[in-house]
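Read the structure below first, then the notes.
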Amino acid sequence: FTFAWMKLLIKQINQSKFIWLLLFLLITAATIFLFSYDKADAFEILTRYHNKKLDLFFTWFTYLGDGLFIIAISVLLFLFRKKLLALGILLSYAISGLLVQLLKNIIFSPRPAVFFKQVGKPFYEVPDVTLLSSNASFPSGHTASAFVLMSMIVLFYPKQRWNYLFLLLAIMVGYSRMYLSNHFLTDVVAGAIIGIITTFGCYILMQKTLVKNS
């Protein structure tokens, strides 16, 4: 990408700079937290509190990061004549999904259910939730998808007050993956970064293509 296209992205980011600053601070804080504790201790600290209402809530809330939900939102946006936004979300979702799956197949990272059974530590199992038992925990695909959706909306509509809600929802999707014992904080942070960076790249690509074809 040339510097001119980077300037276009920076201009959009500046219009919603408090959102991105808050997100940067949260990711930085999470990274510092991970350097202070190993991933097992971090997981236990962050998922220490459970109750039946939260169990039910996060069991359903986590689907906001599911691929079918992202596709459904894109279709709705397309039908409501938000075609560029829909295209941007789908493109970013597809590329981030490929990156996530590539990393999952390269990096050996047991999911919490596997990890804690291997080390002989008990952990809370949310009722009626299927615990993923594989060595492909890193990174979190649901989190990446949620941050793709949030990031593209904020880039297209940087001055909307609703953007803070979208940020909160994306963060909650990430937390839901830990609450349901399917991911560690490392997976969630990596998923969020992948979702954001992929969206930035796709936004620049789309703008560059539109300018060339206009």
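Here's how to read the names in the structure tokens: chain A, B, ... by the order shown, residue numbers from 1 in each chain, ligand numbers from 1 in the order shown.
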
Give me every helix (DSSP H, G or I) residue in chain A, going by DSSP on the backbone, as a ChimeraX atom specification. /A:3-15,17-36,39-46,52-65,67-79,83-106,112-119,141-156,163-179,185-213

May I have the residues within 12 Å of Ile13 (chain A) as a list in words, using only C-alpha atoms and disregarding those fewer than 2 positions away in the same chain?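 Close residues of Ile13 (chain A): Met6, Lys7, Leu8, Leu9, Ile10, Lys11, Gln15, Ser16, Lys17, Phe18, Ile19, Trp20, Leu21, Leu23, Ser151, Met152, Ile153, Val154, Leu155, Phe156, Tyr157, Pro158, Lys159, Ile196, Phe200 and Tyr203 of chain A.
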
Considering only C-alpha atoms, tabulate each residue of region 43-109 of chain A that lies at most 9 Å from region 117-139 of chain A along with its nearest interatomic pair and the corresponding distance in Å to one decimal; arrange the rows by chain and ascending residue number and present them as a Markdown table.
| residue | atom | partner | partner_atom | distance |
| --- | --- | --- | --- | --- |
| A:Glu44 | CA | A:Phe123 | CA | 8.0 |
| A:Thr47 | CA | A:Tyr124 | CA | 8.5 |
| A:Arg48 | CA | A:Tyr124 | CA | 8.6 |
| A:His50 | CA | A:Tyr124 | CA | 8.3 |
| A:Lys52 | CA | A:Val126 | CA | 8.7 |
| A:Asp55 | CA | A:Val126 | CA | 6.1 |
| A:Leu56 | CA | A:Val126 | CA | 8.6 |
| A:Thr59 | CA | A:Val129 | CA | 7.0 |
| A:Val100 | CA | A:Pro139 | CA | 6.1 |
| A:Gln101 | CA | A:Pro139 | CA | 8.4 |
| A:Leu103 | CA | A:Phe138 | CA | 7.0 |
| A:Lys104 | CA | A:Ala136 | CA | 4.8 |
| A:Asn105 | CA | A:Ala136 | CA | 6.6 |
| A:Ile106 | CA | A:Ala136 | CA | 8.6 |
| A:Ile107 | CA | A:Phe138 | CA | 7.0 |
| A:Phe108 | CA | A:Asn135 | CA | 5.7 |
| A:Ser109 | CA | A:Asn135 | CA | 4.9 |

Can I get the selected residues back with C-alpha atoms, as an mmCIF file, in the first residue's frame?
data_model
loop_
_atom_site.group_PDB
_atom_site.id
_atom_site.type_symbol
_atom_site.label_atom_id
_atom_site.label_comp_id
_atom_site.auth_asym_id
_atom_site.auth_seq_id
_atom_site.Cartn_x
_atom_site.Cartn_y
_atom_site.Cartn_z
ATOM 1 C CA GLU A 44 -8.686 -18.537 36.080
ATOM 2 C CA THR A 47 -13.341 -16.512 34.530
ATOM 3 C CA ARG A 48 -13.535 -16.937 38.279
ATOM 4 C CA HIS A 50 -20.057 -17.747 37.130
ATOM 5 C CA LYS A 52 -26.738 -19.472 35.871
ATOM 6 C CA ASP A 55 -24.069 -18.965 31.736
ATOM 7 C CA LEU A 56 -27.230 -18.624 29.695
ATOM 8 C CA THR A 59 -24.010 -19.236 25.737
ATOM 9 C CA VAL A 100 -7.107 -17.686 11.736
ATOM 10 C CA GLN A 101 -7.359 -21.172 10.253
ATOM 11 C CA LEU A 103 -2.482 -20.110 12.441
ATOM 12 C CA LYS A 104 -4.656 -22.763 14.086
ATOM 13 C CA ASN A 105 -3.046 -25.400 11.875
ATOM 14 C CA ILE A 106 0.489 -24.102 12.395
ATOM 15 C CA ILE A 107 0.546 -23.299 16.108
ATOM 16 C CA PHE A 108 0.112 -26.091 18.646
ATOM 17 C CA SER A 109 -2.118 -24.605 21.344
#

Mind checking which residues fall within 9 Å of Phe43 (chain A), counting only C-alpha atoms, ignoring those fewer than 6 positions away in the same chain, and posting them as a VMD selection string? chain A and resid 112 178 to 179 181 183 to 185

Dump as an mmCIF file, in the first residue's frame, selection limited to N, CA and C atoms:
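Heads up, here's the output in out-v2.cif:
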data_model
loop_
_atom_site.group_PDB
_atom_site.id
_atom_site.type_symbol
_atom_site.label_atom_id
_atom_site.label_comp_id
_atom_site.auth_asym_id
_atom_site.auth_seq_id
_atom_site.Cartn_x
_atom_site.Cartn_y
_atom_site.Cartn_z
ATOM 1 N N PRO A 112 -8.619 -24.788 26.445
ATOM 2 C CA PRO A 112 -8.694 -24.923 27.908
ATOM 3 C C PRO A 112 -9.114 -26.307 28.384
ATOM 4 N N MET A 178 -13.776 -16.988 26.548
ATOM 5 C CA MET A 178 -13.089 -17.438 27.766
ATOM 6 C C MET A 178 -14.097 -17.938 28.787
ATOM 7 N N TYR A 179 -15.184 -17.213 28.942
ATOM 8 C CA TYR A 179 -16.206 -17.596 29.921
ATOM 9 C C TYR A 179 -16.724 -19.002 29.643
ATOM 10 N N SER A 181 -15.055 -21.332 28.356
ATOM 11 C CA SER A 181 -13.906 -22.248 28.461
ATOM 12 C C SER A 181 -13.474 -22.828 27.121
ATOM 13 N N HIS A 183 -11.448 -20.716 24.993
ATOM 14 C CA HIS A 183 -10.243 -19.988 24.595
ATOM 15 C C HIS A 183 -9.557 -19.366 25.804
ATOM 16 N N PHE A 184 -8.258 -19.092 25.637
ATOM 17 C CA PHE A 184 -7.483 -18.335 26.607
ATOM 18 C C PHE A 184 -7.436 -16.866 26.181
ATOM 19 N N LEU A 185 -6.980 -16.006 27.099
ATOM 20 C CA LEU A 185 -6.875 -14.580 26.782
ATOM 21 C C LEU A 185 -5.910 -14.346 25.620
#
